[in-house]
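Colleague: Structure incoming, see below.
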Amino acid sequence: MQTDRSRKQVPQVPESEEMSSSTSPEPEPSSPQREKQHHQEDRIPRTMNNYKKLITFSDNNLLFDHVLKCYSAIEEGFSIYAPMPSFLNPHLMEQDNQYSFGAIEIKSGENQLLDVKYRRSATTHTERVSCTNIDETLQRCRTEVKNMYMFTLYSPCLMRGHKIDKKDKDKEPCMLHLLEKAYQWYSEFGIKTRVFFKKPWGLSGPDIFKGLLYSDVSRTSSAFHPYVDLCKEHRFKLDNKFRQDNKAIFRLIGKVNRKETLKKRIKSTLRKLQEKAKEGLKKCQHLKRGLRYIDSLKFPKKVHKQIIKTFKNNWKTLVNHSSMSLIIEKITSDFNNAEVKLFVRDLRLDLGDSGYFQINQVPPGAEVEEGDYVQVMNTSF
Ligand SMILES: [Zn+2]
């Protein structure tokens, strides 16, 4: 199995040569037998088998547990990182909005970058647009092309979810679409495809666990439970938009004689607690600060205990709820990293280290490989 590709040690080896030195069980481009087998299941059985298992989970807790368990069994030292050829550099941008572009290596040794495709709306899946761009290019100069490249900021999606362009009847996720296209380009033209991405997207990107509640992660039986205290050293502000249930407190007003006075006191306490929520503090500091303030309050004897108890419970709920954005961020990052790595691992086991489709993550901080300078033609086809 391939680990980090130490391509810096052999910069003189052209990408195309390395890609074509295949030892994988992939079909010959012109094999008529393989031509008939147009199913991903035949070409990448392990990948598709594991992928199909994955998309059957309807419970996020079980899905997370499954992926993290599979991830922990990945062979030590396995890496999906690989430096990117420097000729892709001119189109790279510092932004979080999804974009992708294709590039072709021509037999004469030149490289040509195709147009950058930007995410225009939630339904735009730029990899599919870049595939169309590549298809159009191949129609014009198929005999000239040696290898195909694509850079995509986020790894191609593994599940398209509900946001599907109505005009686009093909609901296939971009990763499978790309695999299908790569096979097509390989079987028709003998061209191999190499994809680079910077950030793992996973199944559904950053929103996959956005609905998680504190009660979901705080259960000791939950797969998310180890994350409860993970963020305790981080500072965060409390969510002022969180709707607290203060009805129980206001209902107590009816039990006292000086109703208006108590109402004003309660409102003023809520305002002061809101002020305290604005500061960025660690979780234990938020709790200590709010609870200490609530303990200092005095209310009519008849309702004091109940009001204090409710204010305290509400404050704890607010602090726990507000810590969730950090927890969700960490859970999502771990999940997406694990999921993409598992998928790429399966692909490598199915296709070999230099199959017709290769996908790598650009290592953070070292985006392009050195010493691989080639002529870039800026004109698009
Ligand atoms: Zn997609």
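Chain labels follow the order of the structure tokens: the first chain is A, the next B, and so on; residue numbering restarts at 1 in every chain, and ligands are counted from 1 in their shown order.
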Skipping near chain neighbours, those fewer than 2 positions away, what residues fall within 12 Å of Glu127 of chain A using only C-alpha atoms, listed as a PyMOL selection string?
Modeller: chain A and resi 98-102+115-119+123-125+129-134+149-157+172-179+181+195-197
Colleague: As a VMD selection string, which residues of segment 48-237 of chain A does DSSP assign to helix (DSSP H, G or I)?
Modeller: chain A and resid 48 to 54 60 to 72 86 to 91 126 to 144 174 to 189 205 to 207 214 to 218 225 to 227
Colleague: Could you check which of A:Leu92, A:Ala248, A:Met148, A:Ala122 is closest to Lys107 of chain A, using only C-alpha atoms?
Modeller: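 Under the stated criterion, the closest residue is A:Met148.
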Colleague: So, with only C-alpha atoms as the atoms that count, which of A:Tyr71, A:Tyr81, A:Phe343, A:Phe236 lies closest to Val319 of chain A?
Modeller: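 So, comparing all the options, the nearest one is A:Phe236.
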Colleague: Got a sec: who's within 8 Å of segment 325-340 of chain A, counting only C-alpha atoms, leaving out chain neighbours fewer than 3 positions off, as a PyMOL selection string?
Modeller: chain A and resi 64+67-68+71+155+200-203+205-210+212+224+227-228+230-231+322+343-344
Colleague: Based on the selection just made, write C-alpha atoms of those residues as a compact mmCIF listing (two decimals), in the first residue's frame.
Modeller:
```
# COMPACT_ATOMS: atom_id res chain seq x y z
CA PHE A 64 -20.05 8.15 13.40
CA VAL A 67 -16.65 5.30 10.52
CA LEU A 68 -14.38 5.98 13.48
CA TYR A 71 -10.73 4.45 10.65
CA SER A 155 -12.92 16.52 -1.87
CA PRO A 200 -11.99 16.72 3.08
CA TRP A 201 -15.73 17.15 2.38
CA GLY A 202 -16.87 13.67 3.41
CA LEU A 203 -20.47 12.68 2.89
CA GLY A 205 -19.65 18.56 4.24
CA PRO A 206 -19.66 20.80 7.30
CA ASP A 207 -23.41 20.52 7.99
CA ILE A 208 -23.63 16.78 8.54
CA PHE A 209 -23.82 17.03 12.35
CA LYS A 210 -25.23 20.55 12.66
CA LEU A 212 -26.53 17.62 17.26
CA PHE A 224 -19.90 11.48 20.55
CA TYR A 227 -16.00 15.09 22.71
CA VAL A 228 -17.96 16.61 25.63
CA LEU A 230 -12.61 18.01 24.50
CA CYS A 231 -13.41 21.68 24.10
CA SER A 322 -23.16 27.30 23.47
CA PHE A 343 -12.73 5.94 0.85
CA VAL A 344 -9.33 6.73 -0.68
```
Colleague: Based on the backbone DSSP call, show me all residues of segment 165-225 of chain A assigned strand (DSSP E), as a ChimeraX atom specification.
Modeller: /A:192-199
Colleague: Let me see the file: selected residues, C-alpha atoms, as a compact mmCIF listing (two decimals), in the first residue's frame.
Modeller:
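Now in selection15.txt:
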```
# COMPACT_ATOMS: atom_id res chain seq x y z
CA LYS A 192 -5.34 8.60 -16.40
CA THR A 193 -6.93 11.06 -14.02
CA ARG A 194 -5.30 12.49 -10.95
CA VAL A 195 -7.33 14.58 -8.51
CA PHE A 196 -6.03 16.82 -5.74
CA PHE A 197 -8.12 18.36 -2.99
CA LYS A 198 -7.28 20.57 -0.08
CA LYS A 199 -10.08 19.95 2.44
```
Colleague: Nearest to Phe299 of chain A among A:Gln274, A:Thr269, A:Ser222, A:Cys284, with distances taken over only C-alpha atoms: which residue is it?
Modeller: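 The shortest atom-to-atom distance to Phe299 of chain A comes from A:Thr269.
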Colleague: Could you check the closest approach to Leu291 of chain A for each of A:Arg345, A:His321, A:Lys276, A:His66 and tell me which residue wins, using only C-alpha atoms?
Modeller: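 Of A:Arg345, A:His321, A:Lys276, A:His66, the one nearest Leu291 of chain A, counting only C-alpha atoms, is A:Lys276.
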Colleague: Quick one, how far is atom CA of Ile253 of chain A from atom CA of Leu238 of chain A?
Modeller: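 Between these atoms lies a distance of 27.3 Å.
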Colleague: Nearest to ligand 1 among A:Lys316, A:Arg128, A:Arg120, A:His286, with distances taken over only C-alpha atoms and all ligand atoms: which residue is it?
Modeller: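 Among A:Lys316, A:Arg128, A:Arg120, A:His286, it is A:Arg128 that comes nearest to ligand 1.
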Colleague: Could you tell me which of A:Ser204, A:Ser215, A:Ser108, A:Thr137 comes closest to ligand 1 if we count only C-alpha atoms and all ligand atoms?
Modeller: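 Nearest to ligand 1: A:Ser204.
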Colleague: If we count only C-alpha atoms, what is near Lys53 of chain A at a cut-off of 12 Å, once residues fewer than 6 positions away on the same chain are taken out, given as a PyMOL selection string?
Modeller: chain A and resi 46-47+62-63+66-67+70
Colleague: Using atom CA of Thr261 of chain A and atom CA of Leu273 of chain A as the two end points, give the distance in Å to one decimal.
Modeller: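 Value for the atom CA of Thr261 of chain A-atom CA of Leu273 of chain A distance: 18.4 Å.
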